[in-house]
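Trainee: Would you mind keeping the following structure in view while I ask a few things?
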Amino acid sequence: MKPKVFLEFVEIKSLIASVLPFVLGSMYAYYNYHQLHLGYLLLFFVASSLFHMATNANDNYQDFLHAPRNDDNQEFLQETNVVGVNQISIGQARTITFGLAGISLIIGLWLVTQTGLPLLWMGIYSYAVGYFYAGGPKPISQGPFGEFFSGFTMGFMIFWIAVFINTYDTAAITWQSAFAVLIASGLAIFAISNIMLANNICDMDEDIALGRHTILYYLGKPVMLQVFAWSYVAGYACLVIAVIMGVLPKFSLLTLISIIPVWKNTRIFLHKQVKRETFTISIKNATLICLSFIVFMGLGLIFN
């Protein structure tokens, strides 16, 4: 397989959606607990990145494998899905998917032996969501909860695991600490879930034709466009609350500056929802929000 095809198959461009929460979680750990385990952190970064690619690959080949073979879906099979477009065999797809996931699993299990069982339970949840997101008899991505699981798993769990790996030897996990991490990661959760939502909004007609009952099927496009816009508001509200709680530096509030370009982009998407033209707005918004968060949180660490 050519490198270009491989990178398209694993959707390498989407990797930023897991990289940014990883960085934010590490910064959160340093701000609140004043320590980092760089070696373990690097291994977790490798493991999470490999599994993210495996999940994307699994999503692509499962979509191709289970798409109805009729005249209505020929465009999807031959011109849209990366497996069909590049004539990737199912054997190749599975080898790459399980190969990436297997290496990630080995690294993850070793980290469990070094940091403790909480990481195992976090990992089991994450791997289960990663597989059942596109696999199994009723894939998560084809149901009404895809946005929740994508945002929560990538925005919160990656963030939380990064915190745990850096603090496993000094701070016990409590309901209070978990809630603080949840609020602090809220901005990333909503920004990432909106990527999935934007994808489903743009693909609504195609999804219905393929028998996928996403949240758009139940609530309709007008309602979910409002949810798309208000999700950003909820994320920024989480940021403010986290600063008030004292778990994020006050400099983090400068992230609110990103509201201006994010709102401008959101208005464009609310006006036009076309996959090839406006879907990337959700990715741009998530990147802009999380990068701003990282920059201003970094300033908070420096000047705290």
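Here's how to read the names in the structure tokens: chain A, B, ... by the order shown, residue numbers from 1 in each chain, ligand numbers from 1 in the order shown.
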Near Ala178 (chain A), within 12 Å and counting only C-alpha atoms, which residues show up once chain neighbours fewer than 6 positions away are dropped, as a PyMOL selection string?
Mentor: chain A and resi 156-157+159-161+163-164+171-172+184-185+247
Trainee: Give me, as an mmCIF file with C-alpha atoms, in the first residue's frame, all polymer residues having an atom no more than 7 Å from Met53 (chain A), counting only C-alpha atoms and skipping those fewer than 4 positions away in the same chain.
Mentor:
```cif
data_model
loop_
_atom_site.group_PDB
_atom_site.id
_atom_site.type_symbol
_atom_site.label_atom_id
_atom_site.label_comp_id
_atom_site.auth_asym_id
_atom_site.auth_seq_id
_atom_site.Cartn_x
_atom_site.Cartn_y
_atom_site.Cartn_z
ATOM 1 C CA VAL A 10 -6.213 5.939 8.694
ATOM 2 C CA GLU A 11 -7.379 9.553 8.249
ATOM 3 C CA ILE A 12 -4.143 10.998 9.561
ATOM 4 C CA SER A 49 -2.249 7.832 18.229
ATOM 5 C CA ALA A 57 -9.299 2.452 9.563
#
```
Trainee: Which residues of region 144-199 of chain A have any atom within 9 Å of an atom in region 233-236 of chain A when counting only C-alpha atoms, and what is the closest pair of atoms for each, with the distance in Å to one decimal? Order the rows by chain and rising number and write it as a tab-separated table.
Mentor:
```
residue	atom	partner	partner_atom	distance
A:Ile183	CA	A:Gly235	CA	8.9
A:Ser185	CA	A:Gly235	CA	8.5
A:Gly186	CA	A:Gly235	CA	5.3
A:Leu187	CA	A:Gly235	CA	3.9
A:Ala188	CA	A:Gly235	CA	7.2
A:Ile189	CA	A:Gly235	CA	7.4
A:Phe190	CA	A:Gly235	CA	5.5
A:Ala191	CA	A:Gly235	CA	7.2
```
Trainee: Point out the residue among A:Tyr31, A:Lys2, A:Gly143, A:Pro21 with the least atom-to-atom distance to Asp207 (chain A), counting only C-alpha atoms.
Mentor: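 Closest candidate: A:Gly143.
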Trainee: Taking only C-alpha atoms into account, name the residue in A:Ile201, A:Leu239, A:Met297, A:Ile192 that is nearest to Tyr28 (chain A).
Mentor: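 Of all the options, A:Met297 lies closest to Tyr28 (chain A).
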Trainee: Please provide as number ranges by chain all residues within 12 Å of region 229-231 of chain A, with the sequence filter that same-chain residues fewer than 4 positions apart are discarded (counting only C-alpha atoms).
Mentor: A: 147-148, 151, 186-195, 197-198, 222-225, 235-238, 259, 262-271, 282, 285-286
Trainee: Counting only C-alpha atoms, figure out which residue out of A:Leu117, A:Ile173, A:Ile244, A:Ala47 gets nearest to Phe22 (chain A).
Mentor: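 Comparing A:Leu117, A:Ile173, A:Ile244, A:Ala47 against Phe22 (chain A), the winner is A:Ala47.
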Trainee: Taking 5 positions as the minimum chain separation for residues in the same chain, which residues sit within 7 Å of region 121-137 of chain A when counting only C-alpha atoms? Answer as an mmCIF file with N, CA, C and O atoms, in the first residue's frame.
Mentor:
```cif
data_model
loop_
_atom_site.group_PDB
_atom_site.id
_atom_site.type_symbol
_atom_site.label_atom_id
_atom_site.label_comp_id
_atom_site.auth_asym_id
_atom_site.auth_seq_id
_atom_site.Cartn_x
_atom_site.Cartn_y
_atom_site.Cartn_z
ATOM 1 N N THR A 55 -8.884 2.987 14.793
ATOM 2 C CA THR A 55 -10.327 3.236 14.843
ATOM 3 C C THR A 55 -10.819 3.832 13.527
ATOM 4 O O THR A 55 -11.870 3.437 13.009
ATOM 5 N N ASN A 58 -10.778 1.088 10.922
ATOM 6 C CA ASN A 58 -11.902 0.182 11.164
ATOM 7 C C ASN A 58 -13.216 0.803 10.693
ATOM 8 O O ASN A 58 -14.057 0.121 10.090
ATOM 9 N N ASP A 59 -13.378 2.083 10.953
ATOM 10 C CA ASP A 59 -14.582 2.791 10.525
ATOM 11 C C ASP A 59 -14.726 2.746 9.006
ATOM 12 O O ASP A 59 -15.801 2.454 8.466
ATOM 13 N N GLN A 62 -15.307 -1.014 7.772
ATOM 14 C CA GLN A 62 -16.614 -1.520 8.193
ATOM 15 C C GLN A 62 -17.738 -0.868 7.379
ATOM 16 O O GLN A 62 -18.719 -1.525 6.997
ATOM 17 N N THR A 153 -15.147 10.366 24.746
ATOM 18 C CA THR A 153 -13.986 9.472 24.747
ATOM 19 C C THR A 153 -12.704 10.213 24.381
ATOM 20 O O THR A 153 -11.674 10.042 25.041
#
```
